>>> print(open('query35.txt').read())   # compact mmCIF, C-alpha atoms and all ligand atoms
# COMPACT_ATOMS: atom_id res chain seq x y z
CA MET A 71 89.22 78.58 112.06
CA ILE A 72 92.00 81.13 111.64
CA SER A 73 91.37 84.90 111.56
CA TYR A 74 92.04 87.18 108.58
CA ALA A 75 95.05 88.63 110.43
CA GLU A 76 96.53 85.14 110.87
CA ALA A 77 95.70 84.14 107.31
CA ILE A 78 97.26 87.20 105.65
CA SER A 79 100.41 86.78 107.79
CA LEU A 80 100.68 83.18 106.63
CA VAL A 81 100.28 84.28 103.01
CA LEU A 82 102.96 86.95 103.25
CA ASP A 83 105.34 84.74 105.28
CA ASN A 84 105.08 82.00 102.67
CA ILE A 85 105.83 84.20 99.65
CA SER A 86 109.14 85.79 98.67
CA PRO A 87 109.78 88.43 96.01
CA LEU A 88 110.46 87.01 92.54
CA PRO A 89 114.18 86.83 91.63
CA ALA A 90 115.46 90.15 90.30
CA ILE A 91 116.01 90.77 86.60
CA GLU A 92 117.76 93.56 84.69
CA LYS A 93 115.36 95.91 82.86
CA PRO A 94 116.01 98.91 80.62
CA LEU A 95 115.00 102.04 82.55
CA ASP A 96 112.08 102.78 80.21
CA GLU A 97 110.53 99.38 80.96
CA ALA A 98 110.89 99.69 84.73
CA CYS A 99 108.01 102.03 85.62
CA GLY A 100 105.78 100.38 88.25
CA LEU A 101 108.46 97.85 89.25
CA VAL A 102 110.26 97.60 92.58
CA LEU A 103 114.04 98.07 92.78
CA ALA A 104 116.12 95.10 93.89
CA GLU A 105 119.30 97.17 94.34
CA ASN A 106 120.49 100.51 95.67
CA ILE A 107 121.20 102.99 92.89
CA GLN A 108 124.11 105.45 92.91
CA ALA A 109 124.43 108.52 90.71
CA ARG A 110 127.01 108.28 87.92
CA TRP A 111 127.86 111.99 88.09
CA ASP A 112 127.18 115.30 89.84
CA MET A 113 123.89 117.07 89.19
CA PRO A 114 123.91 119.78 88.10
CA PRO A 115 127.29 119.11 86.51
CA ALA A 116 128.30 122.79 86.91
CA ASP A 117 127.04 126.00 88.51
CA ASN A 118 124.33 127.39 86.20
CA SER A 119 121.61 129.98 85.96
CA ALA A 120 118.10 129.29 87.24
CA MET A 121 116.64 132.19 85.21
CA ASP A 122 116.83 133.89 81.85
CA GLY A 123 118.75 137.05 82.79
CA PHE A 124 122.19 138.54 83.31
CA ALA A 125 125.15 137.17 85.28
CA PHE A 126 127.72 139.38 86.98
CA SER A 127 129.88 139.60 90.11
CA PHE A 128 127.93 140.70 93.16
CA ALA A 129 130.98 142.76 94.20
CA ASP A 130 130.05 145.15 91.34
CA TRP A 131 126.42 145.60 92.35
CA LYS A 132 125.10 148.92 93.58
CA PRO A 133 121.41 149.87 93.35
CA GLY A 134 120.78 151.06 89.78
CA ILE A 135 124.38 150.67 88.56
CA GLN A 136 124.91 150.23 84.77
CA LEU A 137 127.12 147.39 83.46
CA PRO A 138 128.18 146.69 79.86
CA VAL A 139 127.09 143.29 78.52
CA ILE A 140 130.17 141.60 77.05
CA GLY A 141 128.93 138.15 76.01
CA ARG A 142 126.31 135.42 76.12
CA SER A 143 126.04 132.05 77.88
CA TYR A 144 123.34 129.68 76.61
CA ALA A 145 122.42 126.16 77.72
CA GLY A 146 124.62 123.95 75.54
CA HIS A 147 126.72 126.97 74.46
CA PRO A 148 128.70 128.25 77.45
CA LEU A 149 130.71 131.44 77.38
CA ASP A 150 134.33 130.38 77.17
CA GLN A 151 136.04 133.31 78.79
CA ARG A 152 136.64 134.87 82.18
CA VAL A 153 134.32 137.81 82.75
CA PRO A 154 136.19 141.01 83.68
CA PRO A 155 135.05 143.00 86.74
CA ALA A 156 132.23 145.53 86.26
CA THR A 157 130.75 143.73 83.23
CA ALA A 158 127.78 141.40 82.76
CA VAL A 159 126.86 138.42 80.59
CA ARG A 160 123.51 137.66 79.05
CA ILE A 161 122.64 134.19 80.38
CA MET A 162 119.72 131.80 79.82
CA THR A 163 118.25 129.15 82.15
CA GLY A 164 120.52 126.12 82.46
CA ALA A 165 123.55 127.88 80.96
CA PRO A 166 126.82 127.51 82.91
CA MET A 167 127.77 130.45 85.11
CA PRO A 168 130.75 132.16 83.45
CA GLN A 169 133.96 132.41 85.48
CA GLY A 170 134.00 135.68 87.39
CA CYS A 171 130.19 135.75 87.91
CA ASP A 172 128.34 134.64 91.03
CA THR A 173 124.90 136.26 90.79
CA VAL A 174 122.03 136.41 88.27
CA VAL A 175 119.37 139.02 87.86
CA PRO A 176 116.26 138.05 85.85
CA ILE A 177 115.60 139.80 82.50
CA GLU A 178 112.37 141.27 83.89
CA GLU A 179 114.30 143.13 86.64
CA VAL A 180 116.83 145.02 84.49
CA GLU A 181 116.54 147.98 82.19
CA GLU A 182 118.34 147.32 78.90
CA ASN A 183 119.95 150.38 77.29
CA GLY A 184 121.72 149.29 74.10
CA ASP A 185 124.70 147.17 75.22
CA ASN A 186 124.26 148.16 78.85
CA ILE A 187 121.96 146.98 81.59
CA LYS A 188 120.81 148.82 84.68
CA LEU A 189 120.78 146.54 87.73
CA PRO A 190 117.79 146.60 90.12
CA GLU A 191 117.58 148.34 93.49
CA VAL A 192 117.47 145.04 95.36
CA CYS A 193 119.82 142.09 94.80
CA LYS A 194 121.29 139.23 96.87
CA GLN A 195 124.67 137.61 96.39
CA GLY A 196 124.32 134.23 94.66
CA GLN A 197 120.65 134.71 93.72
CA HIS A 198 119.22 132.54 90.94
CA VAL A 199 122.31 130.35 90.76
CA ARG A 200 121.99 126.54 90.86
CA TYR A 201 125.21 125.09 92.26
CA ALA A 202 127.12 122.10 90.93
CA ALA A 203 126.04 118.88 92.70
CA GLU A 204 123.39 120.67 94.77
CA GLU A 205 120.79 118.10 93.62
CA PHE A 206 123.03 115.06 94.05
CA HIS A 207 126.68 114.18 93.78
CA ARG A 208 128.47 111.36 92.01
CA ASP A 209 128.17 108.01 93.87
CA GLU A 210 125.41 109.34 96.12
CA THR A 211 122.72 106.70 96.76
CA LEU A 212 119.62 108.09 95.07
CA LEU A 213 117.16 105.24 95.60
CA SER A 214 117.31 102.20 97.79
CA SER A 215 116.27 98.63 97.17
CA GLY A 216 112.53 98.20 97.73
CA THR A 217 111.56 101.54 96.15
CA CYS A 218 108.74 101.35 93.62
CA LEU A 219 109.65 103.25 90.47
CA HIS A 220 107.13 105.78 89.23
CA ALA A 221 107.55 108.52 86.63
CA GLY A 222 109.41 110.81 89.07
CA GLU A 223 111.94 108.12 89.98
CA ILE A 224 112.46 107.21 86.31
CA GLY A 225 113.25 110.87 85.51
CA LEU A 226 115.65 111.09 88.45
CA LEU A 227 117.50 107.92 87.41
CA ALA A 228 117.69 109.08 83.79
CA SER A 229 119.23 112.39 84.94
CA ALA A 230 121.81 110.40 86.90
CA GLY A 231 122.80 108.35 83.83
CA ILE A 232 121.18 105.06 84.87
CA THR A 233 120.25 103.09 81.74
CA SER A 234 119.04 99.87 83.34
CA VAL A 235 118.02 98.68 86.78
CA ARG A 236 117.66 95.42 88.69
CA VAL A 237 114.01 95.02 89.62
CA HIS A 238 111.56 92.35 90.67
CA PRO A 239 109.43 91.38 87.68
CA ILE A 240 105.64 91.70 87.62
CA PRO A 241 104.20 88.27 88.42
CA GLN A 242 102.13 86.36 85.91
CA VAL A 243 98.96 84.70 87.19
CA ALA A 244 97.09 81.66 85.86
CA ILE A 245 93.34 81.71 86.53
CA LEU A 246 91.04 78.71 86.34
CA ALA A 247 87.26 78.77 86.66
CA THR A 248 85.60 75.58 87.83
CA GLY A 249 82.01 74.36 87.67
CA ASP A 250 79.77 72.14 85.52
CA GLU A 251 77.22 74.96 85.37
CA LEU A 252 79.57 77.44 83.67
CA VAL A 253 79.61 78.40 80.00
CA GLU A 254 81.95 80.75 78.15
CA LEU A 255 80.94 84.36 77.61
CA GLY A 256 79.30 84.52 74.17
CA GLN A 257 77.36 81.29 74.64
CA GLN A 258 73.68 81.24 75.50
CA PRO A 259 73.33 79.53 78.90
CA ALA A 260 70.96 76.54 78.78
CA PRO A 261 68.62 76.03 81.75
CA GLY A 262 70.79 75.49 84.85
CA GLN A 263 73.82 77.18 83.31
CA ILE A 264 75.39 80.60 83.92
CA VAL A 265 78.19 82.51 82.24
CA ASN A 266 81.63 82.23 83.79
CA SER A 267 81.81 85.85 84.90
CA ASN A 268 84.52 85.37 87.55
CA LEU A 269 87.28 84.80 85.06
CA HIS A 270 86.47 88.13 83.43
CA LEU A 271 86.13 89.87 86.79
CA LEU A 272 89.44 88.55 88.13
CA ALA A 273 91.34 89.13 84.88
CA ALA A 274 90.03 92.71 84.72
CA ARG A 275 90.96 93.43 88.33
CA LEU A 276 94.45 92.01 87.85
CA LYS A 277 94.89 93.90 84.59
CA GLU A 278 93.93 97.06 86.45
CA ALA A 279 96.68 96.21 88.95
CA GLY A 280 99.17 95.84 86.06
CA ILE A 281 99.22 92.03 86.17
CA SER A 282 98.93 89.83 83.09
CA THR A 283 96.89 86.66 83.34
CA LEU A 284 96.89 83.30 81.63
CA SER A 285 93.37 81.94 81.32
CA LEU A 286 93.09 78.23 81.97
CA GLY A 287 89.42 78.35 80.92
CA ILE A 288 86.61 76.50 82.64
CA ALA A 289 87.26 73.11 84.24
CA GLN A 290 84.31 70.79 84.66
CA ASP A 291 83.89 69.39 88.17
CA ASP A 292 85.77 66.38 86.90
CA GLU A 293 89.13 64.91 87.98
CA THR A 294 90.77 64.62 84.59
CA ASP A 295 89.70 68.02 83.32
CA LEU A 296 90.78 69.73 86.59
CA ASP A 297 94.17 67.97 86.62
CA GLN A 298 94.96 68.82 83.01
CA ARG A 299 94.03 72.48 83.30
CA LEU A 300 95.74 72.98 86.67
CA ARG A 301 98.97 71.53 85.27
CA ARG A 302 98.98 74.19 82.54
CA GLY A 303 99.08 76.85 85.27
CA LEU A 304 102.16 75.48 86.99
CA GLN A 305 104.62 77.55 84.94
CA THR A 306 103.27 80.87 86.20
CA ASP A 307 104.14 82.82 89.35
CA LEU A 308 100.78 82.30 91.04
CA LEU A 309 97.94 79.87 90.43
CA LEU A 310 94.41 81.03 91.16
CA THR A 311 91.21 79.02 90.99
CA SER A 312 87.62 80.12 91.39
CA GLY A 313 84.91 77.83 92.79
CA GLY A 314 84.98 74.25 94.00
CA VAL A 315 86.80 74.85 97.31
CA SER A 316 83.87 74.62 99.70
CA VAL A 317 82.39 71.49 101.27
CA GLY A 318 79.93 70.59 98.49
CA ASP A 319 79.85 67.19 96.82
CA LYS A 320 81.28 68.70 93.64
CA ASP A 321 84.01 70.79 95.32
CA GLN A 322 87.05 68.90 94.07
CA VAL A 323 89.71 71.58 93.61
CA GLN A 324 91.66 70.73 96.77
CA ASP A 325 91.79 67.02 95.87
CA ALA A 326 92.93 67.88 92.36
CA LEU A 327 95.65 70.19 93.71
CA ASN A 328 96.78 67.48 96.13
CA ARG A 329 97.36 65.15 93.19
CA ILE A 330 99.87 67.61 91.68
CA GLY A 331 101.96 68.28 94.78
CA PHE A 332 99.97 70.91 96.66
CA GLU A 333 101.01 71.64 100.23
CA LYS A 334 98.19 73.29 102.12
CA VAL A 335 98.94 76.25 104.39
CA PHE A 336 95.33 76.99 105.33
CA TRP A 337 91.78 76.23 104.30
CA LYS A 338 88.87 78.27 105.69
CA VAL A 339 89.21 81.68 107.28
CA ALA A 340 86.78 83.36 109.70
CA ILE A 341 85.73 86.00 107.17
CA LYS A 342 82.53 86.85 105.32
CA PRO A 343 82.45 86.54 102.38
CA GLY A 344 85.27 84.13 101.50
CA LYS A 345 85.20 81.56 104.30
CA PRO A 346 86.32 78.56 102.16
CA THR A 347 89.48 80.32 100.86
CA LEU A 348 92.29 77.84 100.33
CA PHE A 349 95.99 78.74 100.29
CA GLY A 350 99.14 76.69 99.88
CA LYS A 351 102.04 76.07 97.55
CA ILE A 352 103.11 73.72 94.81
CA ASP A 353 106.88 73.78 95.18
CA THR A 354 107.49 77.54 95.52
CA GLN A 355 104.44 78.62 93.51
CA PRO A 356 101.70 80.16 95.65
CA VAL A 357 98.27 78.64 94.96
CA PHE A 358 94.91 80.11 95.98
CA GLY A 359 91.48 78.54 95.74
CA LEU A 360 88.89 81.29 95.92
CA PRO A 361 85.18 80.65 96.47
CA GLY A 362 83.00 80.81 93.37
CA ASN A 363 80.45 83.37 94.48
CA PRO A 364 81.40 86.50 92.51
CA ALA A 365 81.48 89.01 95.37
CA ALA A 366 83.40 86.48 97.50
CA SER A 367 85.89 85.87 94.68
CA ALA A 368 86.36 89.62 94.28
CA ALA A 369 86.73 90.32 98.02
CA THR A 370 89.25 87.51 98.54
CA CYS A 371 91.12 88.73 95.47
CA GLU A 372 91.52 92.11 97.21
CA ILE A 373 92.42 90.85 100.66
CA PHE A 374 94.66 87.91 99.66
CA ILE A 375 95.64 87.89 95.98
CA ILE A 376 96.61 91.54 95.52
CA PRO A 377 98.78 91.47 98.69
CA ALA A 378 100.36 88.18 97.55
CA LEU A 379 101.14 89.72 94.16
CA ARG A 380 102.58 92.83 95.80
CA ARG A 381 104.86 90.58 97.86
CA LEU A 382 105.98 88.70 94.71
CA ALA A 383 106.63 92.04 93.00
CA GLY A 384 108.90 93.07 95.89
CA HIS A 385 106.75 95.72 97.61
CA LYS A 386 107.78 96.26 101.22
CA ASN A 387 104.24 96.94 102.34
CA ALA A 388 102.02 94.40 100.66
CA LEU A 389 98.82 94.98 102.66
CA PRO A 390 95.82 96.72 101.09
CA PRO A 391 96.07 100.50 101.55
CA ARG A 392 93.70 101.97 104.13
CA LEU A 393 91.78 105.21 103.80
CA LYS A 394 89.97 107.12 106.58
CA VAL A 395 86.42 107.88 105.49
CA ARG A 396 83.05 108.78 107.00
CA LEU A 397 80.07 106.49 106.80
CA ALA A 398 77.26 107.92 104.69
CA ALA A 399 74.73 105.58 106.33
CA PRO A 400 74.57 103.25 109.36
CA VAL A 401 76.18 99.79 109.10
CA LYS A 402 75.07 96.72 111.04
CA GLY A 403 77.67 95.55 113.59
CA GLY A 404 79.94 92.56 113.31
CA GLY A 405 78.82 88.95 113.58
CA LYS A 406 80.80 85.79 114.21
CA ARG A 407 83.17 86.33 111.31
CA GLN A 408 85.15 89.37 110.25
CA THR A 409 83.00 90.92 107.54
CA PHE A 410 84.17 92.82 104.47
CA MET A 411 81.47 95.04 102.96
CA TRP A 412 81.64 96.42 99.45
CA GLY A 413 80.85 100.08 99.03
CA SER A 414 81.33 103.23 97.01
CA LEU A 415 83.21 106.42 97.80
CA HIS A 416 82.40 109.98 96.98
CA LEU A 417 84.14 113.19 97.86
CA GLU A 418 82.15 115.79 99.77
CA ALA A 419 83.68 118.94 101.26
CA GLY A 420 87.16 117.44 101.11
CA GLU A 421 86.19 114.17 102.81
CA TYR A 422 85.43 110.77 101.37
CA LEU A 423 82.02 109.36 102.28
CA PHE A 424 81.59 105.58 102.12
CA THR A 425 78.24 104.06 101.22
CA VAL A 426 77.81 100.34 101.70
CA SER A 427 76.42 98.64 98.56
CA ASN A 428 72.77 97.86 99.13
CA ARG A 429 73.24 94.35 97.76
CA GLN A 430 75.90 92.56 99.81
CA GLY A 431 74.88 89.08 98.64
CA SER A 432 78.11 87.26 97.87
CA GLY A 433 76.42 85.58 94.90
CA GLN A 434 75.73 88.90 93.20
CA ASN A 435 78.00 90.70 90.79
CA ARG A 436 75.78 93.70 91.49
CA SER A 437 77.31 94.23 94.95
CA LEU A 438 80.51 95.18 93.10
CA GLN A 439 78.87 97.75 90.86
CA GLY A 440 80.52 101.12 91.63
CA ALA A 441 82.45 99.60 94.54
CA CYS A 442 85.73 101.37 95.33
CA ALA A 443 86.51 100.05 98.80
CA LEU A 444 85.89 97.30 101.33
CA LEU A 445 84.82 98.10 104.87
CA PRO A 446 86.21 95.59 107.39
CA VAL A 447 83.75 95.08 110.26
CA PRO A 448 85.45 93.17 113.09
CA ILE A 449 83.88 90.22 114.90
CA GLY A 450 81.38 91.45 117.50
CA SER A 451 81.74 95.14 116.52
CA PRO A 452 78.82 97.39 117.62
CA ASP A 453 76.53 98.91 115.00
CA LEU A 454 78.17 101.83 113.21
CA GLN A 455 76.39 105.14 112.79
CA SER A 456 76.14 107.51 109.88
CA GLY A 457 79.04 110.02 110.16
CA ASP A 458 81.32 107.60 112.03
CA GLU A 459 84.97 107.72 110.94
CA VAL A 460 86.18 104.32 109.78
CA ASP A 461 89.11 102.82 107.86
CA VAL A 462 88.29 101.18 104.53
CA LEU A 463 90.54 99.11 102.31
CA LEU A 464 90.99 101.27 99.25
CA ILE A 465 90.66 99.62 95.88
CA ARG A 466 90.52 102.71 93.72
CA LEU A 467 89.46 106.32 94.01
CA PRO A 468 86.06 106.94 92.44
CA ALA A 469 85.74 107.43 88.69
CA GLY A 470 86.64 110.95 87.73
CA SER A 471 89.24 111.52 90.46
CA ASN A 472 91.99 110.24 88.18
CA VAL A 473 92.84 112.25 85.08
CA TYR A 474 92.77 109.29 82.74
CA ARG A 475 89.97 107.10 84.19
P1 LIG A 501 81.28 77.05 94.30
O1 LIG A 501 82.29 77.87 95.06
O2 LIG A 501 81.88 76.27 93.19
O3 LIG A 501 80.47 76.23 95.23
O4 LIG A 501 80.30 78.10 93.64
C1 LIG A 501 79.53 78.97 94.44
C2 LIG A 501 78.60 79.79 93.57
O5 LIG A 501 79.37 80.60 92.70
C3 LIG A 501 77.70 78.97 92.69
O6 LIG A 501 76.44 79.61 92.65
C4 LIG A 501 78.38 79.00 91.35
O7 LIG A 501 77.49 78.81 90.28
C5 LIG A 501 78.97 80.39 91.34
N1 LIG A 501 80.16 80.42 90.51
C6 LIG A 501 81.20 79.56 90.58
N2 LIG A 501 82.12 79.87 89.66
C7 LIG A 501 81.65 80.94 88.99
C8 LIG A 501 82.16 81.70 87.91
N3 LIG A 501 83.34 81.42 87.37
N4 LIG A 501 81.41 82.73 87.47
C9 LIG A 501 80.23 83.02 88.04
N5 LIG A 501 79.71 82.35 89.07
C10 LIG A 501 80.40 81.29 89.54
MG MG A 502 81.30 74.87 91.87
>>> encode(input="query35.txt", output="structure tokens")
Amino acid sequence: MISYAEAISLVLDNISPLPAIEKPLDEACGLVLAENIQARWDMPPADNSAMDGFAFSFADWKPGIQLPVIGRSYAGHPLDQRVPPATAVRIMTGAPMPQGCDTVVPIEEVEENGDNIKLPEVCKQGQHVRYAAEEFHRDETLLSSGTCLHAGEIGLLASAGITSVRVHPIPQVAILATGDELVELGQQPAPGQIVNSNLHLLAARLKEAGISTLSLGIAQDDETDLDQRLRRGLQTDLLLTSGGVSVGDKDQVQDALNRIGFEKVFWKVAIKPGKPTLFGKIDTQPVFGLPGNPAASAATCEIFIIPALRRLAGHKNALPPRLKVRLAAPVKGGGKRQTFMWGSLHLEAGEYLFTVSNRQGSGQNRSLQGACALLPVPIGSPDLQSGDEVDVLLIRLPAGSNVYR
């Protein structure tokens, strides 16, 4: 059986970023650039004041000297005249520096006497001036291909006159639940039935990651139903199934995929939970069969699906982000498979403490309650002690650490 390291390499090696598309800048937040971007002009376009104050020539400055104020320069309304020596101009933040001036003194530092100002005791040549092109110059490469655009990058590109960008689109995912025992949420399960919670879990997690999903519903463990529903998922960027990939009599997903052109890359990985994970492709579309146990579905979604989606979306580093934390309680050492343990995080004295969920059963949705991270415990690792520093795979920071969640 292959290791997680081998499996995730196979996943990433078999997936390429989606072909780039042109997007208006305001629709590009969260997307990854597929081109280098050059500025269309200098920024700032001209020398200007960084403060509300007075501009003058430093050659005229002496501690406490008085200068007559002969005009005003406002942002959007520059002073259109050369400033004679030994005079000053009232200037506001962002207003162009008038010709003949090279220094600004803030309003708070001068004494105003009618039409005159008294300059301060201390002043430096060129103070409070922002120079033309000091932020960037025309044709300068501002961002390179592979950069993920966030609010800061969008603002920068807008200031440089970029109206649209070539980016990798966000992938769309089709999700299919499988199992004769499953009923839709909203129905009362009869004896022997349970609600299809995985579809809701996976769709919510992908939504949280900014990914839209197409629900293929619940397939019965039945050839025709599986084939029909799987075919509906072929038009998306990634096909994901839950359940039916293990070795049980009713586990028919792999056979069904084979009938519609599936080429297997791997089946079964030495991990716990998630051993029966199946990965391959139909043409260029990546296809994953995740195990049906909820905590196994969720863990394999984190360690395989999210990285696969990051690769499709063009991210250079597709692997789950790692965070150094301290263990809040001891953790049993590794067994024969690499184990991923769900747990919660909380901040204490500037450090994140990780507490393993007390229900790790892969069949239980409750092991995911409050979970923010996965602790990888390598094969054969010794027992870990409370206070040990470990790396966890970060899923999200705990509730309350983000301003809007
Ligand atoms: P399977 O992988 O199909 O053998 O399913 C393993 C376990 O996960 C069984 O107990 C299933 O009932 C359960 N299971 C499978 N699919 C789902 C689902 N969509 N929602 C909740 N539990 C599921
Ligand atoms: Mg099943």
>>> residues_near_ligand(input="query35.txt", ligand="ligand MG 502 (chain A)", cutoff="9 Å", atoms="all atoms listed in the file", output="list of chain:residue names")
A:Ala247, A:Thr248, A:Gly249, A:Asp250, A:Glu251, A:Leu252, A:Gln290, A:Asp291, A:Ser312, A:Gly313, A:Gly314, A:Val315, A:Ser316, A:Gly318, A:Lys320, A:Asp321, A:Gln322, A:Pro361, A:Gly362, A:Asn363
>>> closest_residue(input="query35.txt", among="A:Asn186, A:Gln258, A:Asn266, A:Gln242", to="Ser282 in chain A", atoms="all atoms listed in the file")
A:Gln242
>>> residues_around(input="query35.txt", residues="range 428-438 of chain A", least_positions_apart="4", cutoff="7 Å", atoms="only C-alpha atoms", output="ChimeraX atom specification")
/A:343,363-366,411-412
>>> residues_around(input="query35.txt", residues="Trp131 in chain A", least_positions_apart="6", cutoff="12 Å", atoms="all atoms listed in the file", output="list of chain:residue names")
A:Ala125, A:Leu137, A:Pro155, A:Ala156, A:Thr157, A:Ala158, A:Cys171, A:Asp172, A:Thr173, A:Val174, A:Val175, A:Ile187, A:Lys188, A:Leu189, A:Pro190, A:Glu191, A:Val192, A:Cys193, A:Lys194, A:Gln195, A:Gly196
>>> atom_distance(input="query35.txt", atom1="CA of Val265 in chain A", atom2="CA of Ile288 in chain A")
10.4 Å
>>> atom_distance(input="query35.txt", atom1="CA of Leu327 in chain A", atom2="CA of Gly262 in chain A")
26.9 Å
>>> atom_distance(input="query35.txt", atom1="CA of Ala469 in chain A", atom2="CA of His270 in chain A")
20.0 Å
>>> closest_residue(input="query35.txt", among="A:Lys132, A:Arg396, A:Lys402, A:His207", to="Glu418 in chain A", atoms="only C-alpha atoms")
A:Arg396
>>> residues_around(input="query35.txt", residues="Ser229 in chain A", least_positions_apart="2", cutoff="10 Å", atoms="all atoms listed in the file", output="JSON, numbers by chain")
{"A": [109, 110, 111, 112, 113, 114, 223, 224, 225, 226, 227, 231, 232, 233]}
>>> write_last_selection(input="query35.txt", atoms="C-alpha atoms", output="PDB file, in the frame of the given file")
ATOM      1  CA  ALA A 109     124.430 108.520  90.710  1.00  0.00           C
ATOM      2  CA  ARG A 110     127.010 108.280  87.920  1.00  0.00           C
ATOM      3  CA  TRP A 111     127.860 111.990  88.090  1.00  0.00           C
ATOM      4  CA  ASP A 112     127.180 115.300  89.840  1.00  0.00           C
ATOM      5  CA  MET A 113     123.890 117.070  89.190  1.00  0.00           C
ATOM      6  CA  PRO A 114     123.910 119.780  88.100  1.00  0.00           C
ATOM      7  CA  GLU A 223     111.940 108.120  89.980  1.00  0.00           C
ATOM      8  CA  ILE A 224     112.460 107.210  86.310  1.00  0.00           C
ATOM      9  CA  GLY A 225     113.250 110.870  85.510  1.00  0.00           C
ATOM     10  CA  LEU A 226     115.650 111.090  88.450  1.00  0.00           C
ATOM     11  CA  LEU A 227     117.500 107.920  87.410  1.00  0.00           C
ATOM     12  CA  GLY A 231     122.800 108.350  83.830  1.00  0.00           C
ATOM     13  CA  ILE A 232     121.180 105.060  84.870  1.00  0.00           C
ATOM     14  CA  THR A 233     120.250 103.090  81.740  1.00  0.00           C
TER      15      THR A 233
END
>>> axis_aligned_box(input="query35.txt", around="ligand LIG 501 (chain A)", padding_each_side="6 Å", output="AutoDock Vina command-line options")
--center_x 79.9 --center_y 79.6 --center_z 91.3 --size_x 18.9 --size_y 18.8 --size_z 19.9
>>> residues_around(input="query35.txt", residues="range 210-214 of chain A", least_positions_apart="4", cutoff="6 Å", atoms="all atoms listed in the file", output="JSON, numbers by chain")
{"A": [106, 107, 108, 109]}
>>> write_last_selection(input="query35.txt", atoms="C-alpha atoms", output="PDB file, keeping the file's coordinate frame")
ATOM      1  CA  ASN A 106     120.490 100.510  95.670  1.00  0.00           C
ATOM      2  CA  ILE A 107     121.200 102.990  92.890  1.00  0.00           C
ATOM      3  CA  GLN A 108     124.110 105.450  92.910  1.00  0.00           C
ATOM      4  CA  ALA A 109     124.430 108.520  90.710  1.00  0.00           C
TER       5      ALA A 109
END
>>> closest_residue(input="query35.txt", among="A:Leu149, A:Ile264, A:Cys99, A:Ala129", to="ligand LIG 501 (chain A)", atoms="all atoms listed in the file")
A:Ile264
>>> closest_residue(input="query35.txt", among="A:Ala221, A:Ala77, A:Leu255, A:Leu308", to="Leu382 in chain A", atoms="only C-alpha atoms")
A:Leu308
>>> residues_around(input="query35.txt", residues="Asp185 in chain A", least_positions_apart="5", cutoff="9 Å", atoms="all atoms listed in the file", output="JSON, numbers by chain")
{"A": [137, 138, 139, 140]}
>>> closest_residue(input="query35.txt", among="A:Pro168, A:Gly216, A:Pro148, A:Gly123", to="Glu181 in chain A", atoms="only C-alpha atoms")
A:Gly123
